[in-house]
Amino acid sequence: MFDFLKDMFGQILLFFSQISGSLGMGIILLTIAIRLALYPLTLSQSRSLAAMRELQPKLQELQKKYKNKPEEYQRKMLELYQEHKVNPLGGCLPILVQLPFLWALFYVLRDLPNLVGEEETTFLIWNLSVSAAEAGMSFAYLILPLLSGLTTYFQMSLTSTSDPSQRMMMMIMPIFLTYISTQFPSGLVLYWVVTNVFSIAQQYAINRQLAAAKKGEGAG
């Protein structure tokens with residue numbers, strides 16, 4: 001299954017690269033195609049996260065009320081989820097479903113020279129098969145890792161709750177991703193940046209859609 005996905009993504013990337021005349025544009029087009037294909041999962045995840053955000057004040061009240069009774073707190077929390085028909089794992093399952101696709105794409109982008117040839121891997125100011133670390137941390141090659149961290153922060157801010165641990169993760173994760181992005185080929189980092197930018201726009205639209213639906217329900 002994994003080899004099938006890897007070969008499929010490789011062929012699709014070659015197709016997009018040929019019609020656009022650029023490997024970099026091929027990666028961008030492939031990224032957008034993947035995000036559109038995964039839109040139903042993204043919408044499901046966003047609905048679950050929105051429902052969890054709404055329950056945060058009630059969960060915090062339960063935490064305070066039953067702070068010395070952990071078993072009672074767990075029972076009341078489950079009752080609250082059932083009452084509001086919220087699945088606490090609803091935001092995680094779509095991510096797990098996407099993992100095989102992401103891993104397959106990772107290996108495709110990691111092996112770009114073998115896929116298209118070393119001379120075809122240049123896009124704008126980058127060799128997409130070279131990492132920032134391999135390029136001596138030059139400013140040009142640090143642009144994509146910095147964008148990786150920045151766009152990750154903005155994406156996480158659109159789905160964050162008032163949970164303190166999540167706020168801490170919003171600070172740590174972008175820094176971590178900026179660092180590891182310096183170790184990955186620029187083609188893979190380009191994919192991640194485009195994924196984040198598209199996801200930010202998509203999440204903004206979904207949040208507006210969910211807010212309008214909630215407002216409609218309140219008016220009704």
# chains A, B, ... in the order shown; residues from 1 in each chain; ligands from 1
>>> residues_around(residues="A:Gln63", least_positions_apart="6", cutoff="12 Å", atoms="only C-alpha atoms", output="list in words")
Gln56, Pro57, Lys69, Pro70, Glu71, Glu72, Tyr73, Gln74, Arg75, Lys76 and Met77 of chain A
>>> write_last_selection(atoms="N, CA and C atoms", output="mmCIF file, in the first residue's frame")
data_model
loop_
_atom_site.group_PDB
_atom_site.id
_atom_site.type_symbol
_atom_site.label_atom_id
_atom_site.label_comp_id
_atom_site.auth_asym_id
_atom_site.auth_seq_id
_atom_site.Cartn_x
_atom_site.Cartn_y
_atom_site.Cartn_z
ATOM 1 N N GLN A 56 -14.961 24.024 26.408
ATOM 2 C CA GLN A 56 -13.845 24.332 27.300
ATOM 3 C C GLN A 56 -14.270 24.977 28.617
ATOM 4 N N PRO A 57 -15.147 25.994 28.607
ATOM 5 C CA PRO A 57 -15.557 26.599 29.886
ATOM 6 C C PRO A 57 -16.219 25.587 30.828
ATOM 7 N N LYS A 69 -11.378 14.670 42.965
ATOM 8 C CA LYS A 69 -12.107 13.431 42.659
ATOM 9 C C LYS A 69 -11.922 13.095 41.176
ATOM 10 N N PRO A 70 -10.746 12.596 40.798
ATOM 11 C CA PRO A 70 -10.446 12.359 39.370
ATOM 12 C C PRO A 70 -11.408 11.389 38.687
ATOM 13 N N GLU A 71 -11.841 10.352 39.406
ATOM 14 C CA GLU A 71 -12.766 9.388 38.792
ATOM 15 C C GLU A 71 -14.115 10.031 38.522
ATOM 16 N N GLU A 72 -14.579 10.853 39.460
ATOM 17 C CA GLU A 72 -15.851 11.554 39.271
ATOM 18 C C GLU A 72 -15.741 12.560 38.129
ATOM 19 N N TYR A 73 -14.581 13.208 38.025
ATOM 20 C CA TYR A 73 -14.350 14.161 36.937
ATOM 21 C C TYR A 73 -14.406 13.473 35.579
ATOM 22 N N GLN A 74 -13.766 12.301 35.479
ATOM 23 C CA GLN A 74 -13.774 11.555 34.224
ATOM 24 C C GLN A 74 -15.196 11.162 33.833
ATOM 25 N N ARG A 75 -15.977 10.748 34.841
ATOM 26 C CA ARG A 75 -17.358 10.336 34.549
ATOM 27 C C ARG A 75 -18.193 11.518 34.086
ATOM 28 N N LYS A 76 -18.059 12.651 34.766
ATOM 29 C CA LYS A 76 -18.815 13.841 34.392
ATOM 30 C C LYS A 76 -18.382 14.368 33.026
ATOM 31 N N MET A 77 -17.101 14.253 32.729
ATOM 32 C CA MET A 77 -16.600 14.705 31.439
ATOM 33 C C MET A 77 -17.192 13.873 30.308
#
>>> select_by_dssp(residues="stretch 5-213 of chain A", states="strand (DSSP E)", output="ChimeraX atom specification")
/A:122-123,126-127
>>> write_last_selection(atoms="C-alpha atoms", output="compact mmCIF listing (two decimals), in the first residue's frame")
# COMPACT_ATOMS: atom_id res chain seq x y z
CA THR A 122 16.10 24.17 -9.27
CA PHE A 123 13.15 26.44 -8.43
CA TRP A 126 16.59 27.05 -4.32
CA ASN A 127 17.83 23.64 -5.30
>>> closest_residue(among="A:Phe4, A:Phe9, A:Tyr153, A:Trp103", to="A:Met169", atoms="only C-alpha atoms")
A:Tyr153
>>> atom_distance(atom1="atom CA of A:Ser131", atom2="atom CA of A:Pro113")
13.1 Å
>>> closest_atom_pairs(of="stretch 117-142 of chain A", to="stretch 179-197 of chain A", cutoff="6 Å", atoms="only C-alpha atoms", output="Markdown table")
| residue | atom | partner | partner_atom | distance |
| --- | --- | --- | --- | --- |
| A:Leu128 | CA | A:Gly187 | CA | 4.3 |
| A:Ser129 | CA | A:Pro185 | CA | 5.0 |
| A:Val130 | CA | A:Pro185 | CA | 4.8 |
| A:Ser131 | CA | A:Pro185 | CA | 4.2 |
| A:Ala132 | CA | A:Thr182 | CA | 4.8 |
| A:Ala133 | CA | A:Thr182 | CA | 5.6 |
>>> residues_around(residues="A:Phe16", least_positions_apart="3", cutoff="9 Å", atoms="only C-alpha atoms", output="mmCIF file with N, CA and C atoms, in the first residue's frame")
data_model
loop_
_atom_site.group_PDB
_atom_site.id
_atom_site.type_symbol
_atom_site.label_atom_id
_atom_site.label_comp_id
_atom_site.auth_asym_id
_atom_site.auth_seq_id
_atom_site.Cartn_x
_atom_site.Cartn_y
_atom_site.Cartn_z
ATOM 1 N N GLN A 11 4.241 9.871 -9.757
ATOM 2 C CA GLN A 11 3.718 10.064 -11.113
ATOM 3 C C GLN A 11 2.898 11.349 -11.220
ATOM 4 N N ILE A 12 2.111 11.630 -10.179
ATOM 5 C CA ILE A 12 1.313 12.861 -10.195
ATOM 6 C C ILE A 12 2.222 14.085 -10.158
ATOM 7 N N LEU A 13 3.286 14.022 -9.348
ATOM 8 C CA LEU A 13 4.233 15.136 -9.283
ATOM 9 C C LEU A 13 4.901 15.350 -10.634
ATOM 10 N N ILE A 19 3.332 19.792 -16.926
ATOM 11 C CA ILE A 19 2.355 20.753 -17.467
ATOM 12 C C ILE A 19 2.660 22.185 -17.011
ATOM 13 N N SER A 20 3.360 22.334 -15.881
ATOM 14 C CA SER A 20 3.693 23.675 -15.386
ATOM 15 C C SER A 20 5.084 24.108 -15.825
ATOM 16 N N GLY A 21 5.897 23.147 -16.271
ATOM 17 C CA GLY A 21 7.248 23.462 -16.707
ATOM 18 C C GLY A 21 8.224 23.711 -15.583
ATOM 19 N N SER A 22 7.842 23.320 -14.357
ATOM 20 C CA SER A 22 8.698 23.579 -13.197
ATOM 21 C C SER A 22 8.419 22.565 -12.109
ATOM 22 N N LEU A 23 9.472 22.024 -11.515
ATOM 23 C CA LEU A 23 9.294 21.081 -10.407
ATOM 24 C C LEU A 23 8.679 21.778 -9.200
ATOM 25 N N MET A 25 6.625 24.385 -9.159
ATOM 26 C CA MET A 25 5.187 24.561 -9.405
ATOM 27 C C MET A 25 4.470 23.222 -9.334
ATOM 28 N N GLY A 26 5.157 22.153 -9.752
ATOM 29 C CA GLY A 26 4.562 20.820 -9.651
ATOM 30 C C GLY A 26 4.275 20.456 -8.212
ATOM 31 N N ILE A 27 5.219 20.787 -7.296
ATOM 32 C CA ILE A 27 5.014 20.528 -5.870
ATOM 33 C C ILE A 27 3.846 21.349 -5.341
ATOM 34 N N ILE A 28 3.767 22.612 -5.754
ATOM 35 C CA ILE A 28 2.668 23.480 -5.303
ATOM 36 C C ILE A 28 1.322 22.937 -5.772
ATOM 37 N N LEU A 29 1.247 22.543 -7.047
ATOM 38 C CA LEU A 29 -0.015 22.010 -7.585
ATOM 39 C C LEU A 29 -0.387 20.694 -6.914
ATOM 40 N N LEU A 30 0.600 19.842 -6.666
ATOM 41 C CA LEU A 30 0.339 18.574 -5.984
ATOM 42 C C LEU A 30 -0.165 18.817 -4.569
#
>>> closest_residue(among="A:Ile125, A:Met137, A:Leu158, A:Ala51", to="A:Leu80", atoms="only C-alpha atoms")
A:Ala51
>>> atom_distance(atom1="atom CA of A:Ala33", atom2="atom CA of A:Ser199")
12.1 Å
>>> select_by_dssp(residues="chain A", states="alpha helix (DSSP H)", output="PyMOL selection string")
chain A and resi 2-20+23-37+39-65+70-83+93-110+112-116+139-158+164-181+186-219
>>> residues_around(residues="A:Gln202", least_positions_apart="2", cutoff="12 Å", atoms="only C-alpha atoms", output="PyMOL selection string")
chain A and resi 32+35-36+38-40+42-43+46+155+158-159+194-200+204-209
>>> write_last_selection(atoms="N, CA and C atoms", output="PDB file, in the first residue's frame")
ATOM      1  N   ILE A  32      -1.811  21.450  -3.425  1.00  0.00           N
ATOM      2  CA  ILE A  32      -3.191  21.945  -3.482  1.00  0.00           C
ATOM      3  C   ILE A  32      -4.155  20.799  -3.796  1.00  0.00           C
ATOM      4  N   ARG A  35      -4.657  18.773  -0.619  1.00  0.00           N
ATOM      5  CA  ARG A  35      -5.498  19.461   0.362  1.00  0.00           C
ATOM      6  C   ARG A  35      -6.968  19.459  -0.053  1.00  0.00           C
ATOM      7  N   LEU A  36      -7.234  19.614  -1.338  1.00  0.00           N
ATOM      8  CA  LEU A  36      -8.623  19.563  -1.807  1.00  0.00           C
ATOM      9  C   LEU A  36      -9.211  18.162  -1.630  1.00  0.00           C
ATOM     10  N   LEU A  38      -8.406  16.054   0.635  1.00  0.00           N
ATOM     11  CA  LEU A  38      -8.576  15.785   2.063  1.00  0.00           C
ATOM     12  C   LEU A  38      -9.555  16.755   2.729  1.00  0.00           C
ATOM     13  N   TYR A  39     -10.221  17.580   1.936  1.00  0.00           N
ATOM     14  CA  TYR A  39     -11.115  18.591   2.504  1.00  0.00           C
ATOM     15  C   TYR A  39     -12.203  17.991   3.411  1.00  0.00           C
ATOM     16  N   PRO A  40     -12.854  16.889   3.024  1.00  0.00           N
ATOM     17  CA  PRO A  40     -13.874  16.320   3.928  1.00  0.00           C
ATOM     18  C   PRO A  40     -13.309  15.979   5.308  1.00  0.00           C
ATOM     19  N   THR A  42     -10.666  17.443   6.689  1.00  0.00           N
ATOM     20  CA  THR A  42     -10.353  18.724   7.327  1.00  0.00           C
ATOM     21  C   THR A  42     -11.609  19.344   7.929  1.00  0.00           C
ATOM     22  N   LEU A  43     -12.723  19.267   7.210  1.00  0.00           N
ATOM     23  CA  LEU A  43     -13.988  19.817   7.701  1.00  0.00           C
ATOM     24  C   LEU A  43     -14.454  19.074   8.946  1.00  0.00           C
ATOM     25  N   SER A  46     -12.299  20.117  11.844  1.00  0.00           N
ATOM     26  CA  SER A  46     -12.608  21.477  12.275  1.00  0.00           C
ATOM     27  C   SER A  46     -13.888  21.518  13.098  1.00  0.00           C
ATOM     28  N   GLN A 155      -1.404  28.728  11.549  1.00  0.00           N
ATOM     29  CA  GLN A 155      -2.357  27.639  11.360  1.00  0.00           C
ATOM     30  C   GLN A 155      -2.860  27.117  12.700  1.00  0.00           C
ATOM     31  N   LEU A 158      -5.505  29.216  14.545  1.00  0.00           N
ATOM     32  CA  LEU A 158      -6.881  29.168  14.051  1.00  0.00           C
ATOM     33  C   LEU A 158      -7.685  28.031  14.670  1.00  0.00           C
ATOM     34  N   THR A 159      -6.999  27.040  15.224  1.00  0.00           N
ATOM     35  CA  THR A 159      -7.698  25.881  15.798  1.00  0.00           C
ATOM     36  C   THR A 159      -7.426  25.729  17.286  1.00  0.00           C
ATOM     37  N   VAL A 194       3.484  25.489   1.618  1.00  0.00           N
ATOM     38  CA  VAL A 194       2.280  25.629   0.790  1.00  0.00           C
ATOM     39  C   VAL A 194       1.089  24.950   1.473  1.00  0.00           C
ATOM     40  N   THR A 195       1.327  23.804   2.099  1.00  0.00           N
ATOM     41  CA  THR A 195       0.268  23.124   2.844  1.00  0.00           C
ATOM     42  C   THR A 195      -0.282  24.036   3.934  1.00  0.00           C
ATOM     43  N   ASN A 196       0.610  24.678   4.680  1.00  0.00           N
ATOM     44  CA  ASN A 196       0.176  25.563   5.761  1.00  0.00           C
ATOM     45  C   ASN A 196      -0.600  26.764   5.238  1.00  0.00           C
ATOM     46  N   VAL A 197      -0.087  27.394   4.185  1.00  0.00           N
ATOM     47  CA  VAL A 197      -0.758  28.575   3.625  1.00  0.00           C
ATOM     48  C   VAL A 197      -2.155  28.197   3.132  1.00  0.00           C
ATOM     49  N   PHE A 198      -2.251  27.075   2.412  1.00  0.00           N
ATOM     50  CA  PHE A 198      -3.553  26.640   1.908  1.00  0.00           C
ATOM     51  C   PHE A 198      -4.465  26.264   3.070  1.00  0.00           C
ATOM     52  N   SER A 199      -3.910  25.604   4.088  1.00  0.00           N
ATOM     53  CA  SER A 199      -4.703  25.191   5.241  1.00  0.00           C
ATOM     54  C   SER A 199      -5.208  26.392   6.031  1.00  0.00           C
ATOM     55  N   ILE A 200      -4.379  27.445   6.128  1.00  0.00           N
ATOM     56  CA  ILE A 200      -4.809  28.663   6.826  1.00  0.00           C
ATOM     57  C   ILE A 200      -6.019  29.273   6.118  1.00  0.00           C
ATOM     58  N   TYR A 204      -9.736  29.296   7.704  1.00  0.00           N
ATOM     59  CA  TYR A 204     -10.438  30.567   7.871  1.00  0.00           C
ATOM     60  C   TYR A 204     -11.833  30.490   7.261  1.00  0.00           C
ATOM     61  N   ALA A 205     -11.911  29.898   6.071  1.00  0.00           N
ATOM     62  CA  ALA A 205     -13.208  29.766   5.401  1.00  0.00           C
ATOM     63  C   ALA A 205     -14.125  28.828   6.187  1.00  0.00           C
ATOM     64  N   ILE A 206     -13.572  27.724   6.702  1.00  0.00           N
ATOM     65  CA  ILE A 206     -14.379  26.774   7.479  1.00  0.00           C
ATOM     66  C   ILE A 206     -14.876  27.416   8.772  1.00  0.00           C
ATOM     67  N   ASN A 207     -14.006  28.175   9.448  1.00  0.00           N
ATOM     68  CA  ASN A 207     -14.401  28.843  10.690  1.00  0.00           C
ATOM     69  C   ASN A 207     -15.545  29.816  10.444  1.00  0.00           C
ATOM     70  N   ARG A 208     -15.472  30.532   9.334  1.00  0.00           N
ATOM     71  CA  ARG A 208     -16.569  31.455   8.983  1.00  0.00           C
ATOM     72  C   ARG A 208     -17.855  30.681   8.696  1.00  0.00           C
ATOM     73  N   GLN A 209     -17.696  29.535   8.019  1.00  0.00           N
ATOM     74  CA  GLN A 209     -18.853  28.705   7.694  1.00  0.00           C
ATOM     75  C   GLN A 209     -19.501  28.168   8.969  1.00  0.00           C
TER      76      GLN A 209
END
>>> atom_distance(atom1="atom CA of A:Thr151", atom2="atom CA of A:Glu54")
24.9 Å
>>> residues_around(residues="A:Leu177", least_positions_apart="4", cutoff="9 Å", atoms="only C-alpha atoms", output="short mmCIF file (atom, residue, chain, number, x, y, z; two decimals) with C-alpha atoms, in the first residue's frame")
data_model
loop_
_atom_site.label_atom_id
_atom_site.label_comp_id
_atom_site.auth_asym_id
_atom_site.auth_seq_id
_atom_site.Cartn_x
_atom_site.Cartn_y
_atom_site.Cartn_z
CA PRO A 145 12.31 27.02 7.16
CA LEU A 146 11.38 30.41 8.67
CA SER A 148 7.53 26.87 7.82
CA GLY A 149 7.60 27.94 11.47
CA THR A 152 2.65 26.66 11.41
CA ILE A 172 7.18 25.17 20.92
CA MET A 173 5.98 23.49 17.71
CA SER A 181 13.01 22.18 8.31
CA THR A 182 16.64 23.25 8.02
#
>>> decode(residues="stretch 111-155 of chain A", atoms="C-alpha atoms", output="mmCIF file, in the first residue's frame")
data_model
loop_
_atom_site.group_PDB
_atom_site.id
_atom_site.type_symbol
_atom_site.label_atom_id
_atom_site.label_comp_id
_atom_site.auth_asym_id
_atom_site.auth_seq_id
_atom_site.Cartn_x
_atom_site.Cartn_y
_atom_site.Cartn_z
ATOM 1 C CA ASP A 111 14.304 11.507 -3.493
ATOM 2 C CA LEU A 112 13.692 14.308 -6.010
ATOM 3 C CA PRO A 113 17.029 13.908 -7.885
ATOM 4 C CA ASN A 114 16.256 10.247 -8.561
ATOM 5 C CA LEU A 115 12.763 11.162 -9.748
ATOM 6 C CA VAL A 116 13.497 14.033 -12.142
ATOM 7 C CA GLY A 117 17.282 14.307 -12.346
ATOM 8 C CA GLU A 118 19.602 16.661 -10.452
ATOM 9 C CA GLU A 119 19.482 19.351 -13.153
ATOM 10 C CA GLU A 120 15.673 19.676 -12.880
ATOM 11 C CA THR A 121 15.510 20.388 -9.138
ATOM 12 C CA THR A 122 16.097 24.171 -9.273
ATOM 13 C CA PHE A 123 13.151 26.442 -8.429
ATOM 14 C CA LEU A 124 13.499 30.211 -8.001
ATOM 15 C CA ILE A 125 16.496 30.617 -5.655
ATOM 16 C CA TRP A 126 16.594 27.047 -4.322
ATOM 17 C CA ASN A 127 17.835 23.642 -5.301
ATOM 18 C CA LEU A 128 14.855 21.653 -4.032
ATOM 19 C CA SER A 129 16.983 18.603 -3.265
ATOM 20 C CA VAL A 130 19.299 20.599 -0.938
ATOM 21 C CA SER A 131 18.553 21.447 2.701
ATOM 22 C CA ALA A 132 19.435 24.696 4.457
ATOM 23 C CA ALA A 133 22.002 22.781 6.518
ATOM 24 C CA GLU A 134 23.639 21.441 3.358
ATOM 25 C CA ALA A 135 23.648 24.982 1.905
ATOM 26 C CA GLY A 136 25.614 26.278 4.888
ATOM 27 C CA MET A 137 22.559 27.951 6.458
ATOM 28 C CA SER A 138 22.639 30.676 3.801
ATOM 29 C CA PHE A 139 19.867 33.270 4.083
ATOM 30 C CA ALA A 140 18.222 32.164 0.835
ATOM 31 C CA TYR A 141 17.837 28.607 2.106
ATOM 32 C CA LEU A 142 16.651 29.766 5.535
ATOM 33 C CA ILE A 143 13.631 31.548 4.022
ATOM 34 C CA LEU A 144 11.573 28.369 3.637
ATOM 35 C CA PRO A 145 12.307 27.021 7.163
ATOM 36 C CA LEU A 146 11.382 30.406 8.665
ATOM 37 C CA LEU A 147 8.151 30.440 6.650
ATOM 38 C CA SER A 148 7.530 26.873 7.819
ATOM 39 C CA GLY A 149 7.603 27.939 11.471
ATOM 40 C CA LEU A 150 5.639 31.154 10.905
ATOM 41 C CA THR A 151 2.833 29.539 8.908
ATOM 42 C CA THR A 152 2.651 26.660 11.413
ATOM 43 C CA TYR A 153 2.058 29.193 14.194
ATOM 44 C CA PHE A 154 -0.749 30.941 12.301
ATOM 45 C CA GLN A 155 -2.357 27.639 11.360
#
